[in-house]
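> Got a structure for you, questions after.
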Number of protein chains: 2
Amino acid sequence: MPNRLTLKDVAAAAGVSQITVSRVVRGEGVVSARTRDHVTQVIQDLGFVPNKLAGALSQTRSNQVAVLIPSLVNNVFAQVLRGITEELAKAGYNPVVGVTNYDEQIEEEQLISMLSWRPAAVIMANRVHTPRTRKILENAGVPVVELMQLQREPIDMAVGFDHGAASTILVDHVVSKGHRSFGYIGWSNHDFSAASRYTAIKDRLAEKGFDLIAPDLFEMPPDMPMGKDGTRTLLSQAPEVDAIFYANDIAAIGGALHCLEQGLSVPTDLALVGYSGLQMGQALPQPLTTIRTFRYDIGRIAARNVLKSLTNTPVSKITDVGFELVEGATV
Amino acid sequence: MPNRLTLKDVAAAAGVSQITVSRVVRGEGVVSARTRDHVTQVIQDLGFVPNKLAGALSQTRSNQVAVLIPSLVNNVFAQVLRGITEELAKAGYNPVVGVTNYDEQIEEEQLISMLSWRPAAVIMANRVHTPRTRKILENAGVPVVELMQLQREPIDMAVGFDHGAASTILVDHVVSKGHRSFGYIGWSNHDFSAASRYTAIKDRLAEKGFDLIAPDLFEMPPDMPMGKDGTRTLLSQAPEVDAIFYANDIAAIGGALHCLEQGLSVPTDLALVGYSGLQMGQALPQPLTTIRTFRYDIGRIAARNVLKSLTNTPVSKITDVGFELVEGATV
DNA sequence: CTGTTAGCGCCTTCAC
DNA sequence: GTGAAGGCGCTAACAG
C-alpha cells in the first residue's frame, strides 16, 4: 500500500519538516527554490499521494463539489454534467454526483448525505426544492448554483435560460406556419421547467385564441416509445390536431416514427415540435423544429461560477445563456 | 451554519460523552435503550449531521466509491453509471465520478486524484490501463471492479460479457442471411472492447472466407452523423458491400438514415448491424439487428460486488452477465 | 525562509 | 454500559 505514506514520511526522507513538505505540495507559501526542488524529488521517488481527507478536515472544506441531477440517462443532464466535470477538473475539483430521479424528497436526502462530506459547493440541476432543502442550502455556507431555469429568485446563483420565453417564440413560429389545432405530449410532475414550458405554450396559444389538447401527461419525461404511443393516442382522441408540441426531442422523434409508419406526411398532415435541440433530431431526414438549448455551456458556466465564487471573484447571480429557435422541416 | 455542530455539541446537550453519541450515530457498540433514545432525540432536535470527512480520516477509509468512465454522454456508460449509483445509494455510498474521455493517460491522472480521497473502492468502466495505473490499482488495497469486457485476467474483479463471442454470433447470423460482402464502421483507439469486437468480426469472417472492409476508422465512438457519413464514404469506395457492421447502434441508425435518404432498401440493398441494443434502435420502423448488452445490470452488479467485498462476503472474481442477439429487420 | 504548536471531528483502545 | 485519552494526516497561526 504505497499510499500509506504521509507527510511525515516525506519530511523525514527529505530532512525537512512536515509543513515544508505541505507547502511544496500545495505550491503555497514561501519555500526556497532549492528545498522545493529537493522535496519535489523525494515526493516523486516515494510516490507520495497526499490525503485530501485530512487536508479537507483541517481546512473544514473540501475540493469536492456536490452535483444533484434528476437523471443520468437523459442526454440533457448528461451534457450538463459533462460541462461541470470538465470545468471542475481543470481546477482540481471533483464532482460528487447524486441522482434525484425527479423527486424532491430524494433530492433532499441526497443533499443531506452529500453535505456531510463538506463539499466546497453545491450545484442543483433543478429549481424545485422542498422547503427544508431550501433552508439547508441557504444555510450551507457554500456557493449554490441552480441550473436550467431562470425564473424565480435563485437561492444563491442561477445559470440557464427562460423556458417561458422559449416556449412563446416556439408557439409564434408554429402558428405563423398556419397550423390551427394543437396538441401537447409531455409530463406532469414537479419539474418546474417542464411545467413552465407547458404553461407558457398553453397561455400563448390562448392569447391567440387557440386551445391546447393534452390528454394524458406522463409521470416521467417521455422517451421515444412514449412519444410514439402518445401521438397515436392523442390523434385518436383528437384527429383534428395538426401540430404537436413535445416536451423533448426524443418524444418528438417518436412522433416522427409514428407518422412514418402511418404514412402521415410531415408537416402537411402533422407538424412536430421538439424541445432541446439534440443532435439526433437534426440528423433526421427532416430536421426537427425545436428549441436549441446550451446544456454543455450551462454546466461549464455553473462550474466556473462555483470556482469564481470560491476565490471571491465577483460573479453575476444570474447568467442567461439563451436559447435558439431551430427552424427545421417538421413545422 | 447549522452543520457546524459536532459530536461534542450533541454530547453536551445530551449530557453524555462524545463517544456515546458516536455509538448512537453509527448504531454500533452497546448503549442502553434509554440513552440511545434520548441521544437520538437530541440529534433530531439539533439537526446534527456527522462530518464524514473526520469519520473517514479516523477510519482511514471513506464510503465514497471512485468511478472512472470513458464518457458520460454515451448512453451505454450513462446506464452503467445509473446502475452503480442506484445500488450504492442503497448502502449509503456515494460515487465520485471521473471521466477519462477514452484516454488512458487521463484515466491515470484521474485515478491518482481520486485515490487521494481514500475511496472505499474503485470501479473502472474500461479494461485498458497504463502499466502505472495497473500497479496503482494492484496496490490500492481496496476492491477494484473492471467493467464490460471479460477477456483478460482482472486486476481484482470483473463484470461484463465476452465481446468476442458476441461478435462471432453476430457474424454467423448475418452470413446465414445470405450477405456476402462486408464493411465495418467503427473506431480505432485504445478501447479494448471496441478493438476486440472488430478483431472478432474480422477473424470470424475470415474463417468463412470473407473479407472485412474498414476504410477509415474514427478516433472516437462514431455518433449518428459519423455513421451516416461513414456509410456514404464506405459505399462510394466499395459499392459491392451489402452488409455493414457498426461499432454501435447510434452509428447504425445514422446508416439507416443514409439509406432512407438515398432510397436504399434495407436489408435488400444493404444490411445494417448495430451493437448495444439501445431502446432507440428498436423503436425504428425497421428494428435494428444488434447485440443487446445489459449495461444497467453491469453497473448494479459491479456496485453490489463492491459492497460485498467491503463486508468480506465472498464474491466471484468474474461475473458474466451475457448478451443477447436481437434479430431485428435490418439484416 | 523554515519550524513548532495546536487543532479539524471522529473513532479506536482501553479503562472504569 | 459508559467514558478518557490518543491518534488519523493535514494545515493555520504564530515563532524564530
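Just so we're on the same page: first chain in the C-alpha cells is A, next is B, and so on; residues restart at 1 for each chain, and ligands are numbered from 1 in the order they show up.
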May I have a table of the residues of chain D lying at most 10 Å from chain B, giving each one's closest pair of atoms and their distance in Å to one decimal, counting only C-alpha atoms (C1' of nucleotides), ordered by chain and ascending residue number, as CSV?

```
residue,atom,partner,partner_atom,distance
D:DG1,C1',B:Val31,CA,6.1
D:DT2,C1',B:Thr20,CA,7.2
D:DG3,C1',B:Ser17,CA,6.6
D:DA4,C1',B:Ser17,CA,9.6
D:DG7,C1',B:Ser58,CA,8.0
D:DC8,C1',B:Ser58,CA,4.3
D:DG9,C1',B:Leu57,CA,7.8
```
> Considering only C-alpha atoms (C1' of nucleotides), return as an mmCIF file with N, CA and C atoms, in the first residue's frame whatever protein or nucleic-acid residues lie within 7 Å of range 149-165 of chain A, sequence-local ones (same chain, fewer than 3 positions apart) excluded.

```cif
data_model
loop_
_atom_site.group_PDB
_atom_site.id
_atom_site.type_symbol
_atom_site.label_atom_id
_atom_site.label_comp_id
_atom_site.auth_asym_id
_atom_site.auth_seq_id
_atom_site.Cartn_x
_atom_site.Cartn_y
_atom_site.Cartn_z
ATOM 1 N N ARG A 127 -34.821 23.468 -10.163
ATOM 2 C CA ARG A 127 -35.167 24.676 -9.425
ATOM 3 C C ARG A 127 -36.245 24.448 -8.382
ATOM 4 N N GLU A 138 -29.658 27.463 1.968
ATOM 5 C CA GLU A 138 -29.420 28.853 2.383
ATOM 6 C C GLU A 138 -28.403 28.924 3.513
ATOM 7 N N PRO A 143 -21.140 28.114 -1.889
ATOM 8 C CA PRO A 143 -21.822 28.565 -3.106
ATOM 9 C C PRO A 143 -22.833 27.522 -3.574
ATOM 10 N N VAL A 144 -23.966 28.006 -4.031
ATOM 11 C CA VAL A 144 -25.004 27.119 -4.564
ATOM 12 C C VAL A 144 -25.395 27.626 -5.948
ATOM 13 N N VAL A 145 -25.342 26.763 -6.928
ATOM 14 C CA VAL A 145 -25.773 27.149 -8.270
ATOM 15 C C VAL A 145 -26.964 26.285 -8.664
ATOM 16 N N GLU A 146 -28.022 26.940 -9.077
ATOM 17 C CA GLU A 146 -29.188 26.220 -9.595
ATOM 18 C C GLU A 146 -29.202 26.365 -11.112
ATOM 19 N N THR A 168 -42.799 30.616 -25.872
ATOM 20 C CA THR A 168 -43.576 31.637 -26.572
ATOM 21 C C THR A 168 -43.114 31.783 -28.018
ATOM 22 N N ILE A 169 -41.823 31.867 -28.192
ATOM 23 C CA ILE A 169 -41.269 32.006 -29.537
ATOM 24 C C ILE A 169 -41.617 30.797 -30.396
ATOM 25 N N SER A 193 -39.293 23.401 -14.818
ATOM 26 C CA SER A 193 -39.019 23.774 -16.201
ATOM 27 C C SER A 193 -40.093 23.211 -17.122
ATOM 28 N N SER A 196 -43.350 24.950 -16.558
ATOM 29 C CA SER A 196 -43.455 26.323 -17.048
ATOM 30 C C SER A 196 -43.463 26.354 -18.570
ATOM 31 N N ARG A 197 -42.873 25.344 -19.178
ATOM 32 C CA ARG A 197 -42.936 25.250 -20.633
ATOM 33 C C ARG A 197 -44.373 25.004 -21.067
ATOM 34 N N ALA A 200 -46.504 28.028 -20.506
ATOM 35 C CA ALA A 200 -46.210 29.117 -21.439
ATOM 36 C C ALA A 200 -46.810 28.829 -22.808
ATOM 37 N N ILE A 298 -24.142 25.471 -20.047
ATOM 38 C CA ILE A 298 -24.742 25.697 -18.734
ATOM 39 C C ILE A 298 -23.907 25.002 -17.662
ATOM 40 N N ALA A 302 -21.734 26.981 -14.883
ATOM 41 C CA ALA A 302 -22.056 26.696 -13.480
ATOM 42 C C ALA A 302 -20.778 26.389 -12.704
ATOM 43 N N LYS A 317 -25.171 36.915 -10.273
ATOM 44 C CA LYS A 317 -26.086 35.972 -9.630
ATOM 45 C C LYS A 317 -26.862 35.165 -10.660
ATOM 46 N N ILE A 318 -27.159 35.822 -11.781
ATOM 47 C CA ILE A 318 -27.965 35.157 -12.794
ATOM 48 C C ILE A 318 -27.259 35.218 -14.139
ATOM 49 N N THR A 319 -27.047 34.070 -14.740
ATOM 50 C CA THR A 319 -26.417 34.023 -16.054
ATOM 51 C C THR A 319 -27.403 33.438 -17.049
ATOM 52 N N ASP A 320 -27.748 34.239 -18.039
ATOM 53 C CA ASP A 320 -28.689 33.778 -19.060
ATOM 54 C C ASP A 320 -27.893 33.338 -20.285
ATOM 55 N N VAL A 321 -27.889 32.055 -20.555
ATOM 56 C CA VAL A 321 -27.133 31.563 -21.713
ATOM 57 C C VAL A 321 -27.990 31.547 -22.972
ATOM 58 N N GLY A 322 -29.245 31.881 -22.818
ATOM 59 C CA GLY A 322 -30.111 31.985 -24.001
ATOM 60 C C GLY A 322 -30.516 30.651 -24.598
ATOM 61 N N PHE A 323 -31.159 30.749 -25.750
ATOM 62 C CA PHE A 323 -31.608 29.558 -26.479
ATOM 63 C C PHE A 323 -31.717 29.964 -27.930
#
```
> If I take CA of Gln44 in chain A and CA of Leu68 in chain B, how far is one from the other in Å, to one decimal?
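If I compute the distance from CA of Gln44 in chain A to CA of Leu68 in chain B, I get 24.1 Å.
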> Where in range 141-255 of chain A does DSSP assign strand (DSSP E), given as JSON, numbers by chain?
{"A": [144, 145, 146, 147, 148, 149, 157, 158, 159, 160, 161, 182, 183, 184, 185, 212, 213, 243, 244, 245, 246]}
> So, with only C-alpha atoms as the atoms that count, which of A:Gly183, A:Pro70, A:Pro222, A:Pro95 lies closest to chain B?
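Nearest candidate to chain B out of A:Gly183, A:Pro70, A:Pro222, A:Pro95: A:Pro95.
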> Sorted by chain and rising residue number, list the residues of chain C at most 10 Å from chain A (counting only C-alpha atoms (C1' of nucleotides)), each with its closest atom pair and distance in Å to one decimal, as a Markdown table.

```
| residue | atom | partner | partner_atom | distance |
| --- | --- | --- | --- | --- |
| C:DC1 | C1' | A:Val31 | CA | 6.1 |
| C:DT2 | C1' | A:Thr20 | CA | 7.2 |
| C:DG3 | C1' | A:Ser17 | CA | 6.7 |
| C:DT4 | C1' | A:Ser17 | CA | 9.7 |
| C:DG7 | C1' | A:Ser58 | CA | 8.0 |
| C:DC8 | C1' | A:Ser58 | CA | 4.1 |
| C:DG9 | C1' | A:Leu57 | CA | 7.8 |
```
> Let's have the selection written as a tab-separated table (two decimals), in the first residue's frame, with C-alpha atoms (C1' of nucleotides).

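Generated file (selection.tsv):
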```
chain	number	residue	atom	x	y	z
C	1	DC	C1'	12.73	31.03	4.59
C	2	DT	C1'	11.60	27.26	7.94
C	3	DG	C1'	9.73	25.09	12.08
C	4	DT	C1'	6.59	24.45	16.30
C	7	DG	C1'	-6.27	21.83	16.40
C	8	DC	C1'	-10.04	19.98	12.33
C	9	DG	C1'	-14.15	15.97	14.14
```
